[in-house]
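Text of coords16.pdb, listed as PDB, C-alpha atoms:
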ATOM      1  CA  MET E   1       0.000   0.000   0.000  1.00  0.00           C
ATOM      2  CA  LYS E   2       1.325   3.410  -0.937  1.00  0.00           C
ATOM      3  CA  PRO E   3       1.315   5.621   2.185  1.00  0.00           C
ATOM      4  CA  LYS E   4      -1.742   7.832   2.529  1.00  0.00           C
ATOM      5  CA  ILE E   5      -1.315  11.394   3.787  1.00  0.00           C
ATOM      6  CA  ILE E   6      -4.132  12.991   5.770  1.00  0.00           C
ATOM      7  CA  GLY E   7      -4.000  16.763   6.340  1.00  0.00           C
ATOM      8  CA  ILE E   8      -5.726  18.164   9.431  1.00  0.00           C
ATOM      9  CA  ALA E   9      -5.942  21.970   9.589  1.00  0.00           C
ATOM     10  CA  GLY E  10      -7.799  24.478  11.736  1.00  0.00           C
ATOM     11  CA  GLY E  11      -7.394  27.430  14.061  1.00  0.00           C
ATOM     12  CA  SER E  12      -5.302  27.527  17.208  1.00  0.00           C
ATOM     13  CA  ALA E  13      -6.748  25.237  19.906  1.00  0.00           C
ATOM     14  CA  SER E  14      -9.553  24.089  17.613  1.00  0.00           C
ATOM     15  CA  GLY E  15      -9.092  20.457  18.634  1.00  0.00           C
ATOM     16  CA  LYS E  16      -6.736  19.190  15.926  1.00  0.00           C
ATOM     17  CA  SER E  17      -4.432  17.358  18.324  1.00  0.00           C
ATOM     18  CA  THR E  18      -7.351  15.734  20.145  1.00  0.00           C
ATOM     19  CA  ILE E  19      -8.726  14.445  16.856  1.00  0.00           C
ATOM     20  CA  VAL E  20      -5.314  13.022  15.985  1.00  0.00           C
ATOM     21  CA  LYS E  21      -5.162  11.228  19.349  1.00  0.00           C
ATOM     22  CA  LYS E  22      -8.585   9.715  18.753  1.00  0.00           C
ATOM     23  CA  MET E  23      -7.504   8.545  15.306  1.00  0.00           C
ATOM     24  CA  LEU E  24      -4.392   6.924  16.765  1.00  0.00           C
ATOM     25  CA  GLU E  25      -6.528   4.975  19.232  1.00  0.00           C
ATOM     26  CA  HIS E  26      -7.890   3.073  16.245  1.00  0.00           C
ATOM     27  CA  LEU E  27      -4.944   3.160  13.845  1.00  0.00           C
ATOM     28  CA  GLY E  28      -2.212   2.381  16.372  1.00  0.00           C
ATOM     29  CA  GLU E  29       1.152   1.475  14.858  1.00  0.00           C
ATOM     30  CA  HIS E  30      -0.250   1.871  11.336  1.00  0.00           C
ATOM     31  CA  ALA E  31      -0.105   5.679  11.579  1.00  0.00           C
ATOM     32  CA  LYS E  32       2.488   8.361  12.286  1.00  0.00           C
ATOM     33  CA  VAL E  33       1.869  11.997  13.244  1.00  0.00           C
ATOM     34  CA  ILE E  34       3.627  15.019  11.790  1.00  0.00           C
ATOM     35  CA  LYS E  35       3.084  18.331  13.582  1.00  0.00           C
ATOM     36  CA  GLN E  36       3.467  21.357  11.354  1.00  0.00           C
ATOM     37  CA  ASP E  37       4.857  23.287  14.340  1.00  0.00           C
ATOM     38  CA  ALA E  38       8.014  21.192  13.995  1.00  0.00           C
ATOM     39  CA  TYR E  39       8.697  23.057  10.773  1.00  0.00           C
ATOM     40  CA  TYR E  40       8.808  26.560  12.204  1.00  0.00           C
ATOM     41  CA  HIS E  41      11.956  28.309  11.052  1.00  0.00           C
ATOM     42  CA  SER E  42      14.461  28.094  13.907  1.00  0.00           C
ATOM     43  CA  PHE E  43      15.124  31.867  14.145  1.00  0.00           C
ATOM     44  CA  SER E  44      18.088  30.840  16.298  1.00  0.00           C
ATOM     45  CA  HIS E  45      20.059  33.868  15.100  1.00  0.00           C
ATOM     46  CA  LEU E  46      17.684  36.150  17.017  1.00  0.00           C
ATOM     47  CA  PRO E  47      17.730  36.851  20.784  1.00  0.00           C
ATOM     48  CA  LEU E  48      14.956  35.187  22.800  1.00  0.00           C
ATOM     49  CA  GLU E  49      13.073  38.440  23.387  1.00  0.00           C
ATOM     50  CA  GLU E  50      12.964  39.107  19.649  1.00  0.00           C
ATOM     51  CA  ARG E  51      11.845  35.543  18.904  1.00  0.00           C
ATOM     52  CA  LYS E  52       8.936  36.003  21.312  1.00  0.00           C
ATOM     53  CA  LYS E  53       7.673  38.957  19.274  1.00  0.00           C
ATOM     54  CA  LEU E  54       7.577  37.138  15.935  1.00  0.00           C
ATOM     55  CA  ASN E  55       4.314  36.273  14.199  1.00  0.00           C
ATOM     56  CA  TYR E  56       4.073  32.482  14.413  1.00  0.00           C
ATOM     57  CA  ASP E  57       0.665  32.315  12.741  1.00  0.00           C
ATOM     58  CA  HIS E  58       1.848  33.762   9.428  1.00  0.00           C
ATOM     59  CA  PRO E  59       2.820  31.380   6.595  1.00  0.00           C
ATOM     60  CA  ASP E  60       6.300  32.955   6.519  1.00  0.00           C
ATOM     61  CA  ALA E  61       7.008  31.464   9.960  1.00  0.00           C
ATOM     62  CA  PHE E  62       7.062  27.962   8.461  1.00  0.00           C
ATOM     63  CA  ASP E  63       9.688  26.206   6.374  1.00  0.00           C
ATOM     64  CA  PHE E  64       7.247  24.789   3.843  1.00  0.00           C
ATOM     65  CA  GLU E  65       9.974  23.617   1.472  1.00  0.00           C
ATOM     66  CA  ALA E  66      11.593  21.429   4.148  1.00  0.00           C
ATOM     67  CA  MET E  67       8.184  20.108   5.150  1.00  0.00           C
ATOM     68  CA  LEU E  68       7.289  19.307   1.552  1.00  0.00           C
ATOM     69  CA  LYS E  69      10.578  17.465   1.065  1.00  0.00           C
ATOM     70  CA  ASP E  70       9.972  15.326   4.159  1.00  0.00           C
ATOM     71  CA  MET E  71       6.325  14.612   3.325  1.00  0.00           C
ATOM     72  CA  ALA E  72       7.283  13.565  -0.200  1.00  0.00           C
ATOM     73  CA  ALA E  73       9.810  11.146   1.303  1.00  0.00           C
ATOM     74  CA  LEU E  74       7.157   9.659   3.602  1.00  0.00           C
ATOM     75  CA  LYS E  75       4.815   9.387   0.620  1.00  0.00           C
ATOM     76  CA  ARG E  76       7.500   7.292  -1.105  1.00  0.00           C
ATOM     77  CA  GLY E  77       7.687   5.028   1.933  1.00  0.00           C
ATOM     78  CA  GLU E  78      10.954   6.461   3.243  1.00  0.00           C
ATOM     79  CA  SER E  79      11.731   7.512   6.818  1.00  0.00           C
ATOM     80  CA  ILE E  80      12.657  11.065   7.869  1.00  0.00           C
ATOM     81  CA  ASP E  81      14.315  12.923  10.737  1.00  0.00           C
ATOM     82  CA  MET E  82      11.762  15.533  11.738  1.00  0.00           C
ATOM     83  CA  PRO E  83      12.772  18.764  13.515  1.00  0.00           C
ATOM     84  CA  VAL E  84      11.647  19.253  17.122  1.00  0.00           C
ATOM     85  CA  TYR E  85      10.363  22.663  18.208  1.00  0.00           C
ATOM     86  CA  ASP E  86      10.866  24.128  21.698  1.00  0.00           C
ATOM     87  CA  TYR E  87       7.825  26.247  22.627  1.00  0.00           C
ATOM     88  CA  VAL E  88       9.522  27.714  25.694  1.00  0.00           C
ATOM     89  CA  CYS E  89      12.649  28.912  23.876  1.00  0.00           C
ATOM     90  CA  TYR E  90      10.828  29.729  20.610  1.00  0.00           C
ATOM     91  CA  THR E  91      13.291  27.816  18.457  1.00  0.00           C
ATOM     92  CA  ARG E  92      14.158  24.332  17.227  1.00  0.00           C
ATOM     93  CA  LYS E  93      15.939  21.885  19.487  1.00  0.00           C
ATOM     94  CA  GLU E  94      19.222  20.363  18.385  1.00  0.00           C
ATOM     95  CA  GLU E  95      17.814  16.839  18.338  1.00  0.00           C
ATOM     96  CA  THR E  96      15.427  15.481  15.714  1.00  0.00           C
ATOM     97  CA  ALA E  97      12.669  12.870  15.846  1.00  0.00           C
ATOM     98  CA  HIS E  98      13.027   9.825  13.611  1.00  0.00           C
ATOM     99  CA  ILE E  99       9.754   9.079  11.827  1.00  0.00           C
ATOM    100  CA  ALA E 100       9.592   5.709  10.118  1.00  0.00           C
ATOM    101  CA  ALA E 101       7.522   4.998   7.047  1.00  0.00           C
ATOM    102  CA  SER E 102       3.894   4.167   7.790  1.00  0.00           C
ATOM    103  CA  PRO E 103       0.712   3.303   5.855  1.00  0.00           C
ATOM    104  CA  ILE E 104      -0.994   6.459   7.132  1.00  0.00           C
ATOM    105  CA  ILE E 105       0.604   9.839   7.826  1.00  0.00           C
ATOM    106  CA  LEU E 106      -1.433  12.388   9.800  1.00  0.00           C
ATOM    107  CA  ILE E 107      -0.226  15.973   9.273  1.00  0.00           C
ATOM    108  CA  GLU E 108      -1.637  18.392  11.824  1.00  0.00           C
ATOM    109  CA  GLY E 109      -1.226  22.166  11.956  1.00  0.00           C
ATOM    110  CA  LEU E 110      -2.641  25.640  11.527  1.00  0.00           C
ATOM    111  CA  LEU E 111      -1.701  26.010   7.873  1.00  0.00           C
ATOM    112  CA  THR E 112      -1.544  22.401   6.764  1.00  0.00           C
ATOM    113  CA  LEU E 113      -3.819  23.219   3.815  1.00  0.00           C
ATOM    114  CA  TRP E 114      -2.243  26.569   2.899  1.00  0.00           C
ATOM    115  CA  TYR E 115       0.675  25.438   0.708  1.00  0.00           C
ATOM    116  CA  GLU E 116      -0.592  24.027  -2.590  1.00  0.00           C
ATOM    117  CA  PRO E 117       2.324  21.625  -3.285  1.00  0.00           C
ATOM    118  CA  LEU E 118       1.748  20.101   0.144  1.00  0.00           C
ATOM    119  CA  ARG E 119      -1.999  19.836  -0.433  1.00  0.00           C
ATOM    120  CA  ASP E 120      -1.302  17.995  -3.663  1.00  0.00           C
ATOM    121  CA  LEU E 121       0.378  15.191  -1.699  1.00  0.00           C
ATOM    122  CA  MET E 122      -2.682  14.652   0.502  1.00  0.00           C
ATOM    123  CA  ASP E 123      -5.207  11.880   0.053  1.00  0.00           C
ATOM    124  CA  LEU E 124      -7.716  13.427   2.478  1.00  0.00           C
ATOM    125  CA  LYS E 125      -7.970  17.009   3.752  1.00  0.00           C
ATOM    126  CA  LEU E 126      -9.807  17.896   6.973  1.00  0.00           C
ATOM    127  CA  PHE E 127     -10.579  21.292   8.531  1.00  0.00           C
ATOM    128  CA  VAL E 128     -11.492  21.526  12.222  1.00  0.00           C
ATOM    129  CA  ASP E 129     -13.922  24.425  12.659  1.00  0.00           C
ATOM    130  CA  THR E 130     -14.416  25.488  16.299  1.00  0.00           C
ATOM    131  CA  ASP E 131     -15.969  28.656  17.765  1.00  0.00           C
ATOM    132  CA  SER E 132     -13.413  31.436  18.358  1.00  0.00           C
ATOM    133  CA  ASP E 133     -14.354  31.978  22.030  1.00  0.00           C
ATOM    134  CA  GLU E 134     -13.903  28.288  22.753  1.00  0.00           C
ATOM    135  CA  ARG E 135     -10.532  28.279  20.986  1.00  0.00           C
ATOM    136  CA  LEU E 136      -9.304  31.253  23.025  1.00  0.00           C
ATOM    137  CA  ILE E 137     -10.267  29.588  26.313  1.00  0.00           C
ATOM    138  CA  ARG E 138      -8.508  26.383  25.295  1.00  0.00           C
ATOM    139  CA  ARG E 139      -5.427  28.333  24.179  1.00  0.00           C
ATOM    140  CA  ILE E 140      -5.188  30.103  27.538  1.00  0.00           C
ATOM    141  CA  HIS E 141      -5.335  26.810  29.441  1.00  0.00           C
ATOM    142  CA  ARG E 142      -2.840  25.126  27.118  1.00  0.00           C
ATOM    143  CA  ASP E 143      -0.248  27.881  26.926  1.00  0.00           C
ATOM    144  CA  MET E 144      -0.288  28.613  30.664  1.00  0.00           C
ATOM    145  CA  ASN E 145      -0.111  24.963  31.717  1.00  0.00           C
ATOM    146  CA  LYS E 146       2.088  23.440  29.024  1.00  0.00           C
ATOM    147  CA  ARG E 147       4.111  26.257  27.501  1.00  0.00           C
ATOM    148  CA  GLY E 148       4.947  28.388  30.510  1.00  0.00           C
ATOM    149  CA  ARG E 149       3.313  31.588  29.282  1.00  0.00           C
ATOM    150  CA  SER E 150       1.517  34.322  31.177  1.00  0.00           C
ATOM    151  CA  LEU E 151      -2.145  35.201  30.708  1.00  0.00           C
ATOM    152  CA  GLU E 152      -1.203  38.711  29.610  1.00  0.00           C
ATOM    153  CA  SER E 153       1.183  37.483  26.914  1.00  0.00           C
ATOM    154  CA  ILE E 154      -1.350  34.945  25.623  1.00  0.00           C
ATOM    155  CA  ILE E 155      -4.126  37.526  25.252  1.00  0.00           C
ATOM    156  CA  GLU E 156      -1.772  40.072  23.693  1.00  0.00           C
ATOM    157  CA  GLN E 157      -0.537  37.529  21.149  1.00  0.00           C
ATOM    158  CA  TYR E 158      -4.099  36.433  20.386  1.00  0.00           C
ATOM    159  CA  GLN E 159      -5.239  39.990  19.682  1.00  0.00           C
ATOM    160  CA  GLN E 160      -2.186  41.058  17.695  1.00  0.00           C
ATOM    161  CA  THR E 161      -1.489  37.977  15.585  1.00  0.00           C
ATOM    162  CA  VAL E 162      -3.541  34.846  16.296  1.00  0.00           C
ATOM    163  CA  LYS E 163      -6.987  36.247  15.512  1.00  0.00           C
ATOM    164  CA  PRO E 164      -6.054  38.390  12.468  1.00  0.00           C
ATOM    165  CA  MET E 165      -3.886  35.613  10.988  1.00  0.00           C
ATOM    166  CA  HIS E 166      -6.696  33.120  11.496  1.00  0.00           C
ATOM    167  CA  GLU E 167      -9.059  35.328   9.527  1.00  0.00           C
ATOM    168  CA  GLN E 168      -6.533  36.178   6.813  1.00  0.00           C
ATOM    169  CA  PHE E 169      -4.745  32.871   6.215  1.00  0.00           C
ATOM    170  CA  ILE E 170      -6.154  29.920   8.170  1.00  0.00           C
ATOM    171  CA  LEU E 171      -9.931  30.223   7.795  1.00  0.00           C
ATOM    172  CA  PRO E 172      -9.744  30.657   3.988  1.00  0.00           C
ATOM    173  CA  THR E 173      -8.084  27.229   3.673  1.00  0.00           C
ATOM    174  CA  LYS E 174     -11.357  25.644   4.770  1.00  0.00           C
ATOM    175  CA  LYS E 175     -12.411  25.746   1.112  1.00  0.00           C
ATOM    176  CA  TYR E 176      -9.744  23.137   0.303  1.00  0.00           C
ATOM    177  CA  ALA E 177     -11.047  20.601   2.833  1.00  0.00           C
ATOM    178  CA  ASP E 178     -12.742  17.397   1.752  1.00  0.00           C
ATOM    179  CA  LEU E 179     -14.474  17.281   5.141  1.00  0.00           C
ATOM    180  CA  ILE E 180     -15.158  20.077   7.647  1.00  0.00           C
ATOM    181  CA  ILE E 181     -15.471  19.012  11.285  1.00  0.00           C
ATOM    182  CA  PRO E 182     -17.504  21.541  13.322  1.00  0.00           C
ATOM    183  CA  GLU E 183     -16.732  21.647  17.066  1.00  0.00           C
ATOM    184  CA  GLY E 184     -13.651  19.481  16.736  1.00  0.00           C
ATOM    185  CA  ALA E 185     -13.343  16.244  18.685  1.00  0.00           C
ATOM    186  CA  GLN E 186     -16.817  16.699  20.168  1.00  0.00           C
ATOM    187  CA  ASN E 187     -18.287  15.890  16.763  1.00  0.00           C
ATOM    188  CA  GLU E 188     -18.327  12.127  17.170  1.00  0.00           C
ATOM    189  CA  ARG E 189     -20.325  11.490  13.996  1.00  0.00           C
ATOM    190  CA  ALA E 190     -17.718  13.229  11.828  1.00  0.00           C
ATOM    191  CA  LEU E 191     -14.910  11.394  13.632  1.00  0.00           C
ATOM    192  CA  GLN E 192     -16.623   8.094  12.990  1.00  0.00           C
ATOM    193  CA  ILE E 193     -16.761   8.860   9.258  1.00  0.00           C
ATOM    194  CA  VAL E 194     -13.039   9.650   9.222  1.00  0.00           C
ATOM    195  CA  ARG E 195     -12.162   6.556  11.279  1.00  0.00           C
ATOM    196  CA  GLU E 196     -14.126   4.267   8.981  1.00  0.00           C
ATOM    197  CA  HIS E 197     -12.465   5.793   5.943  1.00  0.00           C
ATOM    198  CA  LEU E 198      -8.953   5.353   7.352  1.00  0.00           C
ATOM    199  CA  LEU E 199      -9.617   1.831   8.592  1.00  0.00           C
ATOM    200  CA  GLY E 200     -10.969   1.049   5.132  1.00  0.00           C
ATOM    201  CA  LEU E 201      -7.669   2.205   3.619  1.00  0.00           C
ATOM    202  CA  LEU E 202      -5.783  -0.149   5.918  1.00  0.00           C
ATOM    203  CA  GLU E 203      -7.983  -3.075   4.891  1.00  0.00           C
ATOM    204  CA  LYS E 204      -6.945  -2.471   1.293  1.00  0.00           C
ATOM    205  CA  LYS E 205      -3.280  -2.681   2.300  1.00  0.00           C
TER     206      LYS E 205
END
Mind converting the file's structure to structure tokens?
Amino acid sequence: MKPKIIGIAGGSASGKSTIVKKMLEHLGEHAKVIKQDAYYHSFSHLPLEERKKLNYDHPDAFDFEAMLKDMAALKRGESIDMPVYDYVCYTRKEETAHIAASPIILIEGLLTLWYEPLRDLMDLKLFVDTDSDERLIRRIHRDMNKRGRSLESIIEQYQQTVKPMHEQFILPTKKYADLIIPEGAQNERALQIVREHLLGLLEKK
């Protein structure tokens, strides 16, 4: 079976990662996950305080060419060494994560559907569409508890970059989706459709 690539896009804290976890519960070792965040440019040449001020929701923050190269390799059944991003230091770590070839590759990220050459590699494109208030609440909980950020910095970043970038770049990619999932992982009916489709692909292996 030629590896199948599934793109999962959506706004910040829309529930993309939760959906991926639920998919893995059924796919197990037959699937690997690629987080688009791993392909942020390192910006290691900049001081930490300057890195904190960068716009990480703009397409220019991502190294799409490196991501495309790695996804094409996975599509050919080859393994890759994926970058690892440090959310506390706002840069890439020195180590990489080895990702072996797998029948199903789940790519998850804000702008997964933004770059056309990457979209062209995908066998199924999903967009997770969750209410903006709910996403902000989730982002506050996540960034304070897991990424060591203050409430003030989270709200400031949301107002200055997250919300406007969502409206300008992320939300428009919904038109490329084969399936839109309202309310994220809470939409069990949509998740069931996706699960059945992916399990069906494995049966054809």
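The spacing separating atom CA of Phe169 of chain E from atom CA of Ala61 of chain E amounts to 12.4 Å.
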Mind checking which residues fall within 9 Å of Gly10 of chain E, counting only C-alpha atoms, ignoring those fewer than 4 positions away in the same chain, and posting them as an MDAnalysis selection string? chainID E and resid 14:16 108:113 126:130 166 170:171 173:174
Work out how far atom CA of Ala190 of chain E is from atom CA of Ala100 of chain E, in Å to one decimal. 28.4 Å
Counting only C-alpha atoms, the option among E:Leu151, E:Asn145, E:Arg51, E:Ser17 closest to Gly184 of chain E: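 Checking each of E:Leu151, E:Asn145, E:Arg51, E:Ser17 against Gly184 of chain E, counting only C-alpha atoms, the winner is E:Ser17.
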For Lys93 of chain E, the closest of E:Ala38, E:Leu74, E:Leu121, E:Ile107 counting all atoms listed in the file is E:Ala38
Within 10 Å of Glu94 of chain E using all atoms listed in the file, minus same-chain residues under 5 positions, as a PDB file with C-alpha atoms, keeping the file's coordinate frame:
ATOM      1  CA  PRO E  83      12.772  18.764  13.515  1.00  0.00           C
ATOM      2  CA  VAL E  84      11.647  19.253  17.122  1.00  0.00           C
ATOM      3  CA  TYR E  85      10.363  22.663  18.208  1.00  0.00           C
ATOM      4  CA  ASP E  86      10.866  24.128  21.698  1.00  0.00           C
TER       5      ASP E  86
END
Evaluate the PyMOL selection byres ((chain E and resi 63) around 6) on the structure here and hand back the selected residues as a ChimeraX atom specification. /E:39-41,62,64-66
Can you list, as a list in words, every protein, DNA or RNA residue that comes within 12 Å of Leu46 of chain E when you count all atoms listed in the file, leaving out same-chain residues fewer than 5 positions away? His41, Arg51, Lys52, Lys53, Leu54, Cys89, Tyr90 and Thr91 of chain E
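Nearest residue to Asp131 of chain E among E:Pro103, E:Gly11, E:Gly28, E:Pro172 is E:Gly11, counting all atoms listed in the file.
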Counting only C-alpha atoms, what is within 12 Å of His197 of chain E, bar same-chain residues fewer than 4 positions away, as a PyMOL selection string? chain E and resi 4+6+23+26-27+104+123-124+179+190-193+201-204
Find the residues around Asp81 of chain E up to 8 Å (all atoms listed in the file counted), leave out those fewer than 3 positions away in its own chain, and share them as JSON, numbers by chain. {"E": [96, 97, 98, 99]}
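As for atom CA of Tyr56 of chain E and atom CA of Ala9 of chain E, they are spaced 15.3 Å apart.
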On this structure, the PyMOL selection byres ((chain E and resi 133) around 12) would catch which residues? List them as a PyMOL selection string, sorted by chain and number. chain E and resi 11-14+130-132+134-140+158+163+183
For a quick check of understanding, using all atoms listed in the file, which of E:Met67, E:Ile155, E:Leu106, E:Ala72 has the smallest distance to Val194 of chain E? E:Leu106
As AutoDock Vina command-line options: centre and edge lengths in Å, one decimal, of the axis-aligned box holding segment 168-180 of chain E with 6 Å per side:
--center_x -10.0 --center_y 26.7 --center_z 4.2 --size_x 22.4 --size_y 30.9 --size_z 19.9
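The smallest atom-to-atom distance between Arg149 of chain E and any of E:Val88, E:Leu199, E:Leu24, E:Ala73, using all atoms listed in the file, is found for E:Val88.
Of the residues listed (E:Gly148, E:Thr18, E:Glu116, E:Gly77), E:Thr18 shows the shortest atom-to-atom separation from Asn187 of chain E; distances use all atoms listed in the file.
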